[in-house]
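With mmCIF, C-alpha atoms inside, this is final-v3.cif:
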data_upload
#
loop_
_atom_site.label_atom_id
_atom_site.label_comp_id
_atom_site.auth_asym_id
_atom_site.auth_seq_id
_atom_site.Cartn_x
_atom_site.Cartn_y
_atom_site.Cartn_z
CA MET A 114 201.24 45.17 -35.85
CA GLN A 115 198.88 42.28 -35.41
CA ARG A 116 196.27 42.73 -32.71
CA PRO A 117 195.88 39.96 -30.14
CA HIS A 118 192.73 37.83 -30.38
CA GLN A 119 189.94 39.21 -28.22
CA ILE A 120 188.07 36.77 -26.03
CA THR A 121 184.35 37.49 -25.78
CA THR A 122 182.17 36.05 -23.06
CA ASN A 123 178.42 35.84 -22.72
CA THR A 124 177.60 38.30 -19.97
CA GLN A 125 173.84 37.98 -20.31
CA THR A 126 172.30 37.61 -16.87
CA PRO A 127 170.21 34.43 -16.59
CA PRO A 128 166.60 34.90 -15.44
CA PRO A 129 165.98 34.55 -11.71
CA PRO A 130 164.84 31.07 -10.66
CA GLN A 131 161.17 30.50 -9.95
CA SER A 132 160.21 30.44 -6.30
CA ILE A 133 158.80 27.27 -4.74
CA GLU A 134 155.57 29.15 -4.07
CA GLU A 135 155.28 30.17 -7.72
CA ILE A 136 155.90 26.63 -8.91
CA LYS A 137 153.57 24.83 -6.50
CA SER A 138 150.78 27.36 -6.11
CA LYS A 139 147.42 26.62 -7.70
CA SER A 140 146.44 28.62 -10.77
CA TYR A 141 142.84 29.13 -11.84
CA HIS A 142 141.05 29.21 -15.17
CA SER A 143 138.00 30.40 -13.22
CA SER A 144 138.45 31.16 -9.54
CA GLU A 145 134.69 31.79 -9.15
CA SER A 146 133.92 28.26 -10.33
CA ASP A 147 137.01 26.76 -8.69
CA ILE A 148 138.33 25.53 -12.06
CA LEU A 149 142.10 25.10 -12.17
CA GLY A 150 144.20 26.18 -15.13
CA CYS A 151 145.14 29.57 -16.59
CA LYS A 152 143.50 32.29 -18.67
CA HIS A 153 144.12 30.17 -21.75
CA TYR A 154 143.02 26.68 -20.70
CA ALA A 155 141.30 24.69 -17.97
CA ARG A 156 143.56 21.91 -16.65
CA ASN A 157 144.74 20.41 -13.36
CA CYS A 158 148.48 20.32 -14.00
CA LYS A 159 151.40 22.49 -15.03
CA ILE A 160 154.02 21.62 -17.62
CA LYS A 161 157.78 21.72 -17.21
CA ALA A 162 159.28 23.42 -20.27
CA ALA A 163 162.04 21.22 -21.69
CA CYS A 164 163.78 24.29 -23.13
CA CYS A 165 164.38 26.17 -19.88
CA GLY A 166 163.17 23.88 -17.09
CA ARG A 167 160.65 26.45 -15.81
CA ILE A 168 157.12 25.51 -14.74
CA TYR A 169 154.05 27.00 -16.45
CA VAL A 170 150.41 26.06 -16.80
CA CYS A 171 150.66 26.07 -20.62
CA ARG A 172 152.91 27.00 -23.53
CA LEU A 173 151.12 30.35 -23.92
CA CYS A 174 151.91 31.24 -20.31
CA HIS A 175 155.53 30.44 -21.14
CA ALA A 176 155.35 32.81 -24.13
CA ASP A 177 153.78 35.56 -21.99
CA ASP A 178 156.67 35.51 -19.49
CA PRO A 179 159.16 38.27 -20.46
CA VAL A 180 162.11 36.14 -19.36
CA ASN A 181 161.40 33.79 -22.30
CA ILE A 182 161.42 36.45 -24.99
CA LYS A 183 164.53 34.92 -26.60
CA HIS A 184 163.08 31.43 -27.12
CA GLU A 185 159.88 29.48 -27.76
CA ILE A 186 158.74 26.31 -26.10
CA ASN A 187 158.74 23.04 -28.04
CA ARG A 188 155.37 21.59 -27.14
CA HIS A 189 156.32 18.09 -28.29
CA ALA A 190 159.45 18.00 -26.13
CA THR A 191 157.60 18.26 -22.80
CA LYS A 192 158.48 15.30 -20.61
CA GLU A 193 157.16 16.22 -17.16
CA VAL A 194 154.08 17.79 -15.59
CA LEU A 195 153.30 18.98 -12.07
CA CYS A 196 150.00 17.99 -10.47
CA MET A 197 148.31 21.08 -9.00
CA PHE A 198 146.53 18.99 -6.36
CA CYS A 199 149.47 17.12 -4.78
CA GLN A 200 152.43 19.03 -6.36
CA THR A 201 153.99 15.81 -7.63
CA LEU A 202 156.38 16.26 -10.57
CA GLN A 203 155.89 13.26 -12.87
CA PRO A 204 156.13 11.99 -16.45
CA VAL A 205 153.52 13.26 -18.91
CA SER A 206 150.25 11.33 -18.65
CA LYS A 207 146.51 11.93 -18.37
CA GLN A 208 146.25 11.09 -14.67
CA CYS A 209 148.35 11.77 -11.59
CA ILE A 210 150.59 8.83 -10.72
CA ASN A 211 150.42 9.59 -6.98
CA ASN A 212 148.20 6.83 -5.54
CA ASP A 213 146.98 9.22 -2.84
CA CYS A 214 145.82 11.66 -5.52
CA ASN A 215 144.98 9.93 -8.83
CA LYS A 216 143.36 13.10 -10.16
CA GLU A 217 142.65 13.32 -13.87
CA PHE A 218 144.50 16.27 -15.37
CA ALA A 219 141.95 16.99 -18.10
CA ARG A 220 139.07 15.55 -20.06
CA TYR A 221 141.11 15.83 -23.25
CA PHE A 222 144.75 14.79 -23.37
CA CYS A 223 147.03 14.49 -26.40
CA ASP A 224 150.22 12.52 -25.85
CA VAL A 225 151.70 13.92 -29.10
CA CYS A 226 151.22 17.61 -28.36
CA LYS A 227 151.44 17.11 -24.57
CA PHE A 228 148.24 19.11 -24.42
CA TYR A 229 145.54 19.17 -21.75
CA ASP A 230 142.08 20.78 -21.84
CA ASP A 231 139.44 20.21 -19.19
CA SER A 232 136.68 22.24 -20.86
CA PRO A 233 133.48 20.17 -20.59
CA THR A 234 131.94 21.32 -23.88
CA LYS A 235 134.91 21.90 -26.21
CA LYS A 236 135.47 19.31 -28.93
CA ILE A 237 139.13 18.77 -29.81
CA TYR A 238 140.97 16.38 -32.12
CA HIS A 239 144.57 15.82 -33.12
CA CYS A 240 145.45 16.08 -36.81
CA ASP A 241 148.51 14.03 -37.68
CA LYS A 242 149.16 16.01 -40.88
CA CYS A 243 148.89 19.39 -39.12
CA GLY A 244 150.93 17.99 -36.25
CA ILE A 245 148.79 19.81 -33.68
CA CYS A 246 145.40 19.66 -31.99
CA ARG A 247 142.41 21.44 -33.53
CA VAL A 248 139.11 22.66 -32.10
CA GLY A 249 136.11 20.78 -33.48
CA SER A 250 135.05 17.22 -34.22
CA ARG A 251 137.35 15.04 -36.32
CA ASP A 252 134.34 13.89 -38.36
CA ASP A 253 133.58 17.47 -39.45
CA PHE A 254 136.97 18.30 -41.00
CA ILE A 255 139.19 17.19 -43.86
CA HIS A 256 142.89 18.01 -44.11
CA CYS A 257 143.90 19.63 -47.40
CA ASP A 258 147.50 18.76 -48.23
CA ARG A 259 147.98 21.73 -50.59
CA CYS A 260 146.39 24.31 -48.28
CA ASN A 261 148.21 22.60 -45.39
CA GLY A 262 145.31 22.86 -42.98
CA CYS A 263 142.03 21.35 -41.84
CA LEU A 264 138.88 22.59 -43.60
CA SER A 265 135.23 22.00 -42.87
CA LYS A 266 133.62 19.17 -44.83
CA THR A 267 130.66 21.45 -45.55
CA GLY A 268 132.45 23.41 -48.25
CA PHE A 269 135.57 21.34 -48.83
CA ASN A 270 134.73 20.41 -52.42
CA SER A 271 134.24 24.07 -53.40
CA HIS A 272 137.08 25.70 -51.45
CA LYS A 273 139.80 27.61 -53.28
CA CYS A 274 142.97 25.58 -52.88
CA ILE A 275 146.09 27.70 -52.29
CA GLU A 276 149.59 26.48 -51.43
CA ASN A 277 150.18 26.92 -47.68
CA LYS A 278 147.00 28.96 -47.26
CA PHE A 279 147.50 29.25 -43.49
CA SER A 280 150.85 31.04 -43.55
CA ASN A 281 150.85 34.61 -42.20
CA CYS A 282 147.89 36.95 -41.81
CA PRO A 283 148.53 39.70 -44.41
CA ILE A 284 147.51 42.39 -41.90
CA CYS A 285 149.08 41.53 -38.51
CA MET A 286 151.63 39.04 -39.97
CA GLU A 287 150.89 36.51 -37.21
CA ASP A 288 151.21 32.87 -38.20
CA LEU A 289 147.66 31.74 -39.07
CA PHE A 290 148.55 28.05 -38.82
CA ASN A 291 149.41 28.34 -35.13
CA SER A 292 147.00 31.14 -34.25
CA ARG A 293 144.23 30.52 -31.73
CA ASP A 294 142.12 33.31 -33.24
CA PRO A 295 139.47 32.49 -35.86
CA SER A 296 140.31 33.15 -39.50
CA THR A 297 138.21 33.78 -42.60
CA PRO A 298 138.89 33.75 -46.36
CA PHE A 299 138.73 36.54 -48.88
CA ASP A 300 136.81 35.74 -52.06
CA CYS A 301 140.12 34.91 -53.73
CA GLY A 302 140.82 32.23 -51.12
CA HIS A 303 143.61 33.94 -49.17
CA MET A 304 143.17 33.81 -45.41
CA ILE A 305 143.05 36.57 -42.81
CA HIS A 306 142.20 36.80 -39.11
CA SER A 307 138.50 37.54 -38.63
CA LEU A 308 139.28 40.59 -36.46
CA CYS A 309 141.82 41.85 -38.99
CA TYR A 310 139.21 41.32 -41.72
CA ASN A 311 136.73 43.54 -39.88
CA ASP A 312 139.33 46.29 -39.41
CA PHE A 313 140.36 45.93 -43.06
CA ILE A 314 136.77 46.44 -44.25
CA LYS A 315 136.28 49.45 -41.96
CA SER A 316 139.37 51.09 -43.47
CA GLY A 317 137.64 51.15 -46.86
CA SER A 318 140.03 48.68 -48.49
CA PHE A 319 138.61 46.24 -51.02
CA LYS A 320 141.71 44.57 -52.50
CA CYS A 321 143.35 41.44 -51.14
CA PRO A 322 146.76 42.54 -49.78
CA ILE A 323 148.34 39.45 -51.36
CA CYS A 324 146.91 39.09 -54.88
CA LYS A 325 145.07 42.46 -55.27
CA LYS A 326 141.81 40.77 -56.33
CA SER A 327 138.56 42.18 -54.93
CA ILE A 328 137.90 40.61 -51.53
CA GLY A 329 134.25 39.90 -52.30
CA LYS A 330 131.43 40.56 -54.74
CA MET A 331 131.58 44.23 -55.65
CA HIS A 332 128.86 46.62 -56.80
CA TRP A 333 130.44 49.10 -59.26
CA LYS A 334 127.28 51.00 -60.30
CA HIS A 335 128.07 53.80 -57.85
CA THR A 336 131.50 54.27 -59.44
CA ASP A 337 129.89 54.23 -62.90
CA ASN A 338 127.57 57.07 -61.83
CA ILE A 339 130.35 59.19 -60.33
CA ILE A 340 132.57 58.87 -63.41
CA LYS A 341 129.63 59.64 -65.68
CA ARG A 342 128.90 62.85 -63.76
CA SER A 343 132.47 63.90 -63.02
CA LYS A 344 133.66 65.11 -66.39
CA MET A 345 137.38 65.10 -67.03
CA PRO A 346 139.07 68.49 -67.60
CA GLU A 347 139.07 69.50 -71.27
CA MET A 348 142.84 69.88 -71.18
CA TYR A 349 143.15 66.05 -71.01
CA SER A 350 140.79 65.41 -73.92
CA GLY A 351 141.89 62.38 -75.95
CA SER A 352 144.12 60.94 -73.22
CA THR A 353 144.09 57.14 -72.89
CA VAL A 354 145.56 54.44 -70.66
CA SER A 355 146.13 50.70 -70.88
CA ILE A 356 145.17 48.63 -67.85
CA LEU A 357 145.44 45.19 -66.29
CA CYS A 358 142.35 43.99 -64.42
CA ASN A 359 143.27 42.60 -61.01
CA ASP A 360 140.06 40.54 -60.92
CA CYS A 361 139.93 38.79 -64.31
CA GLN A 362 143.55 39.43 -65.40
CA GLU A 363 142.41 40.77 -68.78
CA LYS A 364 144.35 43.60 -70.45
CA CYS A 365 142.45 46.57 -71.87
CA VAL A 366 144.22 48.92 -74.28
CA ASP A 367 143.59 52.63 -75.01
CA GLN A 368 140.80 53.22 -72.52
CA PRO A 369 139.64 56.80 -71.76
CA PHE A 370 141.76 58.30 -68.99
CA HIS A 371 139.86 59.33 -65.84
CA PHE A 372 141.16 60.48 -62.46
CA ILE A 373 138.70 58.28 -60.52
CA GLY A 374 139.42 54.99 -62.26
CA THR A 375 139.36 52.88 -65.40
CA LYS A 376 136.81 50.13 -65.96
CA CYS A 377 137.70 46.69 -67.23
CA THR A 378 135.81 46.11 -70.50
CA SER A 379 135.78 42.37 -69.86
CA CYS A 380 134.30 41.99 -66.36
CA GLY A 381 133.26 45.56 -65.49
CA SER A 382 135.57 45.86 -62.47
CA TYR A 383 137.28 49.08 -61.47
CA ASN A 384 139.90 47.09 -59.58
CA THR A 385 142.46 47.79 -62.30
CA THR A 386 146.11 48.82 -62.57
CA ILE A 387 147.40 51.25 -65.19
CA THR A 388 150.20 49.64 -67.19
CA SER A 389 150.85 52.47 -69.66
CA LYS A 390 149.65 56.03 -70.32
CA ASN A 391 149.11 58.17 -73.39
CA ILE A 392 148.42 61.50 -71.71
CA ILE A 393 147.65 64.49 -73.90
CA VAL A 394 147.82 67.87 -72.16
CA ASP A 395 146.50 71.03 -73.80
CA GLU A 396 147.18 73.85 -71.33
CA THR A 397 145.07 76.26 -73.35
CA LYS A 398 141.91 74.38 -72.32
CA ASP A 399 139.99 74.30 -69.04
CA SER A 400 141.75 72.38 -66.21
CA SER A 401 138.97 72.40 -63.60
CA PHE A 402 137.75 69.08 -62.19
CA THR A 403 135.02 68.34 -59.64
CA VAL A 404 133.91 64.98 -58.29
CA VAL A 405 130.10 64.88 -58.52
CA GLU A 406 128.66 62.36 -56.09
CA ASP A 407 125.20 60.79 -56.52
CA GLY A 408 122.47 63.35 -55.91
CA ASP A 409 124.53 66.41 -56.82
CA ASP A 410 123.14 66.54 -60.34
CA ASP A 411 119.37 67.00 -60.53
CA ASP A 412 119.05 65.80 -64.13
CA GLU A 413 121.02 62.65 -63.38
CA ASP A 414 119.07 62.05 -60.17
CA GLU A 415 115.81 62.22 -62.07
CA GLU A 416 117.17 59.70 -64.55
CA ASP A 417 118.24 57.38 -61.72
CA GLU A 418 114.82 57.62 -60.05
CA ASN A 419 113.20 56.40 -63.26
CA GLN A 420 115.14 53.18 -62.89
CA GLY A 421 113.01 52.29 -59.87
CA ASP A 422 114.53 50.09 -57.24
CA GLU A 423 117.00 48.44 -59.59
CA ASP A 424 120.01 50.35 -58.27
CA GLU A 425 118.79 50.92 -54.72
CA GLY A 426 121.49 50.20 -52.19
CA GLU A 427 124.17 49.59 -54.81
CA ARG A 428 127.44 51.05 -53.61
CA LEU A 429 131.11 50.27 -53.73
CA GLU A 430 131.07 47.72 -50.96
CA VAL A 431 131.69 44.08 -50.22
CA VAL A 432 128.65 41.84 -50.20
CA GLU A 433 128.85 38.63 -48.18
CA GLU A 434 128.00 35.64 -50.28
CA ASP A 435 126.27 32.50 -49.08
CA GLY A 436 128.14 29.22 -49.03
CA GLY A 437 131.55 28.84 -50.62
CA ASP A 438 134.67 29.40 -48.56
CA GLU A 439 132.81 31.36 -45.89
CA GLU A 440 131.47 28.03 -44.66
CA VAL A 441 134.75 26.24 -45.15
CA ILE A 442 136.70 28.14 -42.52
CA GLN A 443 134.09 29.32 -40.06
CA GLU A 444 134.93 26.52 -37.63
CA ASN A 445 138.64 26.39 -38.40
CA ARG A 446 139.87 28.39 -35.44
CA ASN A 447 143.33 26.84 -35.50
CA ASP A 448 143.13 26.50 -31.73
CA ASN A 449 146.41 24.67 -31.28
CA ASN A 450 145.63 24.05 -27.67
CA ASN A 451 148.94 23.45 -25.99
#
If you took the structure in this file and wrote it as structure tokens, what would it be?
Amino acid sequence: MQRPHQITTNTQTPPPPQSIEEIKSKSYHSSESDILGCKHYARNCKIKAACCGRIYVCRLCHADDPVNIKHEINRHATKEVLCMFCQTLQPVSKQCINNDCNKEFARYFCDVCKFYDDSPTKKIYHCDKCGICRVGSRDDFIHCDRCNGCLSKTGFNSHKCIENKFSNCPICMEDLFNSRDPSTPFDCGHMIHSLCYNDFIKSGSFKCPICKKSIGKMHWKHTDNIIKRSKMPEMYSGSTVSILCNDCQEKCVDQPFHFIGTKCTSCGSYNTTITSKNIIVDETKDSSFTVVEDGDDDDEDEEDENQGDEDEGERLEVVEEDGGDEEVIQENRNDNNN
């Protein structure tokens, strides 16, 4: 027996309308200094979201409202703004059209992004290729078509060009292109939020989550010393592995197997991946294994001391390098501003 067609209806309850007081009340970027706006921007008007018709100071305030969790505002579709001085709803412009008011809404206004910012010291420019407004001076940045973002002129010629470099942060997965938080590059050129970078370093990680290359200049002497002192169990004598170096992409065949790591014979990196194993196990031999850190072996310590200051401070850590991409992105905060 055929079942009758079921009719489904959308029973989702629409959000409650905004009150007149909520719409027309003044909002402050700094109440102490009597600067209108919101926690995100200083400005003297509110925008009317074309998507839902609700009134907010900025697009980020719209995103923060739980009633809008199902949709995002289209910044370019904004048609009307509300003056916070005279409460006149009017077409988007830089200045209030009410002749009795005539207040300027912000020092900076972009008619493309429908963006306002009244900060007295912030430099902002609109990039046509990015399609959004950026923090900084237009004269200080160049848009890279392949990276799909604006980079500082200072290091533009030496930056590592990567297709759509400003996609998602590999740690928090937030869109870097639209993020208002500053970003920084790994040595390989892949981008990450600066705060995520700091947390990543503190966790002890040294590989780029995207390409697995070392995220900066590495000192491997400490690892050399540990492997030299930490003898492999006799039961694995003669065991070898083949590796692929994540840093230089060279393949090394039949290298001595060690629990701690295998060194690339081409570039000296321990950032390697085992591709095949030839493990020999002789259970009649000793199986004990101890990791011997620096300083645990007096004979080796004495040998190291004779090297003077050559190895002082060398550890498995990232060393910040001067110039290069570090300069390229330091001002590229991707502050989309509307």
For the file shown, report as a PyMOL selection string the outcome of the PyMOL selection byres ((chain A and resi 232-240) around 8) at residue level. chain A and resi 154-155+219-221+223+230-231+241-251+256
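Here the question is which of A:Asp312, A:Asp178, A:Asp395, A:Asp337 gets nearest to A:Ser352 using all atoms listed in the file, and that residue is A:Asp395.
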Once the PyMOL selection byres ((chain A and resi 326-330) around 9) is applied to the coordinates I shared, what remains selected? I want it as a list of chain:residue names.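 Given this file, the PyMOL selection byres ((chain A and resi 326-330) around 9) evaluates to A:Pro298, A:Phe299, A:Asp300, A:Cys301, A:Gly302, A:Ser318, A:Phe319, A:Lys320, A:Cys321, A:Pro322, A:Ile323, A:Cys324, A:Lys325, A:Met331, A:His332, A:Cys358, A:Asn359, A:Asp360, A:Cys361, A:Ser382, A:Asn384, A:Glu430, A:Val431, A:Val432, A:Glu433, A:Glu434.
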For those residues, write C-alpha atoms to a file as a JSON list (two decimals), in the frame of the given file.
[["chain", "number", "residue", "atom", "x", "y", "z"],
["A", 298, "PRO", "CA", 138.89, 33.75, -46.36],
["A", 299, "PHE", "CA", 138.73, 36.54, -48.88],
["A", 300, "ASP", "CA", 136.81, 35.74, -52.06],
["A", 301, "CYS", "CA", 140.12, 34.91, -53.73],
["A", 302, "GLY", "CA", 140.82, 32.23, -51.12],
["A", 318, "SER", "CA", 140.03, 48.68, -48.49],
["A", 319, "PHE", "CA", 138.61, 46.24, -51.02],
["A", 320, "LYS", "CA", 141.71, 44.57, -52.50],
["A", 321, "CYS", "CA", 143.35, 41.44, -51.14],
["A", 322, "PRO", "CA", 146.76, 42.54, -49.78],
["A", 323, "ILE", "CA", 148.34, 39.45, -51.36],
["A", 324, "CYS", "CA", 146.91, 39.09, -54.88],
["A", 325, "LYS", "CA", 145.07, 42.46, -55.27],
["A", 331, "MET", "CA", 131.58, 44.23, -55.65],
["A", 332, "HIS", "CA", 128.86, 46.62, -56.80],
["A", 358, "CYS", "CA", 142.35, 43.99, -64.42],
["A", 359, "ASN", "CA", 143.27, 42.60, -61.01],
["A", 360, "ASP", "CA", 140.06, 40.54, -60.92],
["A", 361, "CYS", "CA", 139.93, 38.79, -64.31],
["A", 382, "SER", "CA", 135.57, 45.86, -62.47],
["A", 384, "ASN", "CA", 139.90, 47.09, -59.58],
["A", 430, "GLU", "CA", 131.07, 47.72, -50.96],
["A", 431, "VAL", "CA", 131.69, 44.08, -50.22],
["A", 432, "VAL", "CA", 128.65, 41.84, -50.20],
["A", 433, "GLU", "CA", 128.85, 38.63, -48.18],
["A", 434, "GLU", "CA", 128.00, 35.64, -50.28]]
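For the choices A:Ser316, A:Thr375, A:Ser146, A:Thr397, the atom-to-atom distance to A:Pro346 is smallest for A:Thr397 when using all atoms listed in the file.
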Selection under test: the PyMOL selection byres ((chain A and resi 377) around 12); residues as number ranges by chain: A: 333, 337, 354-369, 374-376, 378-387
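The two atoms in question, atom CA of A:Glu276 and atom CA of A:Phe313, are spaced 23.1 Å apart.
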Name the residues, using the chain letters and numbers of the file, that sit within 9 Å of (149.1, 28.6, -39.2) when counting only C-alpha atoms, and give them as a PDB file with C-alpha atoms, keeping the file's coordinate frame.
ATOM      1  CA  ASN A 261     148.210  22.600 -45.390  1.00  0.00           C
ATOM      2  CA  GLY A 262     145.310  22.860 -42.980  1.00  0.00           C
ATOM      3  CA  ASN A 277     150.180  26.920 -47.680  1.00  0.00           C
ATOM      4  CA  LYS A 278     147.000  28.960 -47.260  1.00  0.00           C
ATOM      5  CA  PHE A 279     147.500  29.250 -43.490  1.00  0.00           C
ATOM      6  CA  SER A 280     150.850  31.040 -43.550  1.00  0.00           C
ATOM      7  CA  ASN A 281     150.850  34.610 -42.200  1.00  0.00           C
ATOM      8  CA  CYS A 282     147.890  36.950 -41.810  1.00  0.00           C
ATOM      9  CA  GLU A 287     150.890  36.510 -37.210  1.00  0.00           C
ATOM     10  CA  ASP A 288     151.210  32.870 -38.200  1.00  0.00           C
ATOM     11  CA  LEU A 289     147.660  31.740 -39.070  1.00  0.00           C
ATOM     12  CA  PHE A 290     148.550  28.050 -38.820  1.00  0.00           C
ATOM     13  CA  ASN A 291     149.410  28.340 -35.130  1.00  0.00           C
ATOM     14  CA  SER A 292     147.000  31.140 -34.250  1.00  0.00           C
ATOM     15  CA  ASN A 447     143.330  26.840 -35.500  1.00  0.00           C
TER      16      ASN A 447
END
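Interatomic distance, atom CA of A:Ser132 to atom CA of A:His189: 25.5 Å.
Straight-line separation from atom CA of A:Ala162 to atom CA of A:Ser144: 24.7 Å.
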Shortest interatomic distance to A:Lys139 - which of A:Gln200, A:Thr191, A:Ser296, A:Thr336, counting all atoms listed in the file: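 The closest residue to A:Lys139 is A:Gln200.
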Expected answer as a list in words: all residues with atoms within 12 Å of (166.2, 22.4, -18.4), all atoms listed in the file: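 Collected hits near the coordinates: Pro130, Lys161, Ala162, Ala163, Cys164, Cys165, Gly166, Arg167, Ile168, Ile186, Ala190, Thr191, Lys192 and Glu193 of chain A.
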Do you know which residues are at most 7 Å from A:Ile255 counting all atoms listed in the file, after dropping those on the same chain fewer than 5 positions away, and could you put them as an MDAnalysis selection string? chainID A and resid 263:266
Export C-alpha atoms of the chosen residues as a short mmCIF file (atom, residue, chain, number, x, y, z; two decimals), keeping the file's coordinate frame?
data_model
loop_
_atom_site.label_atom_id
_atom_site.label_comp_id
_atom_site.auth_asym_id
_atom_site.auth_seq_id
_atom_site.Cartn_x
_atom_site.Cartn_y
_atom_site.Cartn_z
CA CYS A 263 142.03 21.35 -41.84
CA LEU A 264 138.88 22.59 -43.60
CA SER A 265 135.23 22.00 -42.87
CA LYS A 266 133.62 19.17 -44.83
#
Contacts of stretch 401-405 of chain A at 12 Å or less, counting only C-alpha atoms, minus same-chain residues fewer than 5 places along, as a list in words?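 Non-adjacent residues within range: His335, Thr336, Asp337, Asn338, Ile339, Ile340, Lys341, Arg342, Ser343, Lys344, Met345, Pro346, Glu347, Met348, Tyr349, His371, Phe372, Ile373, Glu396, Asp410, Asp411, Glu413 and Asp414 of chain A.
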For stretch 273-292 of chain A, what centre and edge lengths in Å (one decimal) does the axis-aligned box get once 4 Å is added on each side of all its listed atoms, as lines of an AutoDock Vina configuration file?
center_x = 145.7
center_y = 34.0
center_z = -43.8
size_x = 19.8
size_y = 24.8
size_z = 27.0
